[in-house]
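Below: the structure, in structure tokens.
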Amino acid sequence: MGFEGRSRTLAYRFLALILGMISAFFIFYTIRLLVITRGLTAIRPGGEGAYVGAVVFPLLALGFGFGVWRVLKAARKS
């Protein structure tokens, strides 16, 4: 493997790390949202955005996690 291949693999791994950290952030924020709202039972008036967050945050976490898997798979091939 030449220099170009190693630098590409390093770039893929760095991208996977960044995507993994973003995914972990959204996992943390989903858990935080559910703890603060006590499982979405204690929503303040006008706080309907919590319901949106309860759907969107896990989807974002899964999406970024899928991105990590794809990038690591591409890194192995390069």
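Numbering starts fresh at 1 for the residues of each chain in the structure tokens, the chains themselves are lettered A, B, ... in the order given, and ligands are numbered from 1 as they appear.
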Considering only C-alpha atoms, return as a list in words whatever protein or nucleic-acid residues lie within 12 Å of stretch 10-20 of chain A, sequence-local ones (same chain, fewer than 3 positions apart) excluded.
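Answer for this query is Phe3, Glu4, Gly5, Arg6, Ser7, Ser23, Ala24, Phe25, Phe26, Ile27, Leu60, Ala61, Leu62, Gly63, Phe64, Gly65, Phe66, Gly67, Val68, Trp69, Arg70, Val71, Leu72, Lys73, Ala74, Ala75, Arg76, Lys77 and Ser78 of chain A.
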Using DSSP secondary structure from the backbone, list all helix (DSSP H, G or I) positions within stretch 13-54 of chain A, as a PyMOL selection string.
chain A and resi 13-36+49-54
To one decimal in Å, tell me the separation between atom CA of A:Tyr51 and atom CA of A:Gly39.
10.3 Å
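Every protein, DNA or RNA residue with an atom at most 12 Å from A:Thr37, where only C-alpha atoms count and chain neighbours fewer than 5 positions away do not, is listed here: Tyr29, Thr30, Ile31, Arg32, Ala42, Ile43, Arg44, Gly47, Glu48, Gly49, Ala50, Tyr51, Gly53 and Ala54 of chain A.
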Output N, CA and C atoms for every residue in the selection just made, as a PDB file, in the first residue's frame.
ATOM      1  N   TYR A  29     -28.211  12.980  23.550  1.00  0.00           N
ATOM      2  CA  TYR A  29     -29.286  13.967  23.600  1.00  0.00           C
ATOM      3  C   TYR A  29     -30.656  13.300  23.643  1.00  0.00           C
ATOM      4  N   THR A  30     -30.802  12.146  23.009  1.00  0.00           N
ATOM      5  CA  THR A  30     -32.066  11.410  23.095  1.00  0.00           C
ATOM      6  C   THR A  30     -32.308  10.957  24.528  1.00  0.00           C
ATOM      7  N   ILE A  31     -31.294  10.391  25.145  1.00  0.00           N
ATOM      8  CA  ILE A  31     -31.422   9.944  26.537  1.00  0.00           C
ATOM      9  C   ILE A  31     -31.704  11.133  27.453  1.00  0.00           C
ATOM     10  N   ARG A  32     -30.975  12.233  27.217  1.00  0.00           N
ATOM     11  CA  ARG A  32     -31.187  13.441  28.025  1.00  0.00           C
ATOM     12  C   ARG A  32     -32.617  13.941  27.884  1.00  0.00           C
ATOM     13  N   ALA A  42     -43.813  14.648  31.108  1.00  0.00           N
ATOM     14  CA  ALA A  42     -43.826  15.979  31.729  1.00  0.00           C
ATOM     15  C   ALA A  42     -43.311  17.006  30.724  1.00  0.00           C
ATOM     16  N   ILE A  43     -44.160  17.366  29.785  1.00  0.00           N
ATOM     17  CA  ILE A  43     -43.812  18.366  28.766  1.00  0.00           C
ATOM     18  C   ILE A  43     -44.487  19.663  29.182  1.00  0.00           C
ATOM     19  N   ARG A  44     -43.705  20.728  29.223  1.00  0.00           N
ATOM     20  CA  ARG A  44     -44.287  22.027  29.584  1.00  0.00           C
ATOM     21  C   ARG A  44     -45.197  22.506  28.458  1.00  0.00           C
ATOM     22  N   GLY A  47     -44.146  22.979  24.683  1.00  0.00           N
ATOM     23  CA  GLY A  47     -42.924  22.196  24.514  1.00  0.00           C
ATOM     24  C   GLY A  47     -43.104  20.994  23.608  1.00  0.00           C
ATOM     25  N   GLU A  48     -43.934  21.160  22.593  1.00  0.00           N
ATOM     26  CA  GLU A  48     -44.197  20.050  21.675  1.00  0.00           C
ATOM     27  C   GLU A  48     -42.971  19.678  20.849  1.00  0.00           C
ATOM     28  N   GLY A  49     -41.959  20.532  20.833  1.00  0.00           N
ATOM     29  CA  GLY A  49     -40.731  20.216  20.120  1.00  0.00           C
ATOM     30  C   GLY A  49     -40.030  18.995  20.685  1.00  0.00           C
ATOM     31  N   ALA A  50     -40.336  18.655  21.939  1.00  0.00           N
ATOM     32  CA  ALA A  50     -39.753  17.461  22.546  1.00  0.00           C
ATOM     33  C   ALA A  50     -40.199  16.210  21.799  1.00  0.00           C
ATOM     34  N   TYR A  51     -41.431  16.219  21.311  1.00  0.00           N
ATOM     35  CA  TYR A  51     -41.905  15.066  20.547  1.00  0.00           C
ATOM     36  C   TYR A  51     -41.138  14.941  19.230  1.00  0.00           C
ATOM     37  N   GLY A  53     -38.075  16.039  18.731  1.00  0.00           N
ATOM     38  CA  GLY A  53     -36.740  15.587  19.112  1.00  0.00           C
ATOM     39  C   GLY A  53     -36.696  14.110  19.433  1.00  0.00           C
ATOM     40  N   ALA A  54     -37.777  13.597  20.028  1.00  0.00           N
ATOM     41  CA  ALA A  54     -37.821  12.179  20.377  1.00  0.00           C
ATOM     42  C   ALA A  54     -37.853  11.292  19.140  1.00  0.00           C
TER      43      ALA A  54
END
One decimal, Å: what's the distance from atom CA of A:Phe28 over to atom CA of A:Leu40, could you say?
15.8 Å
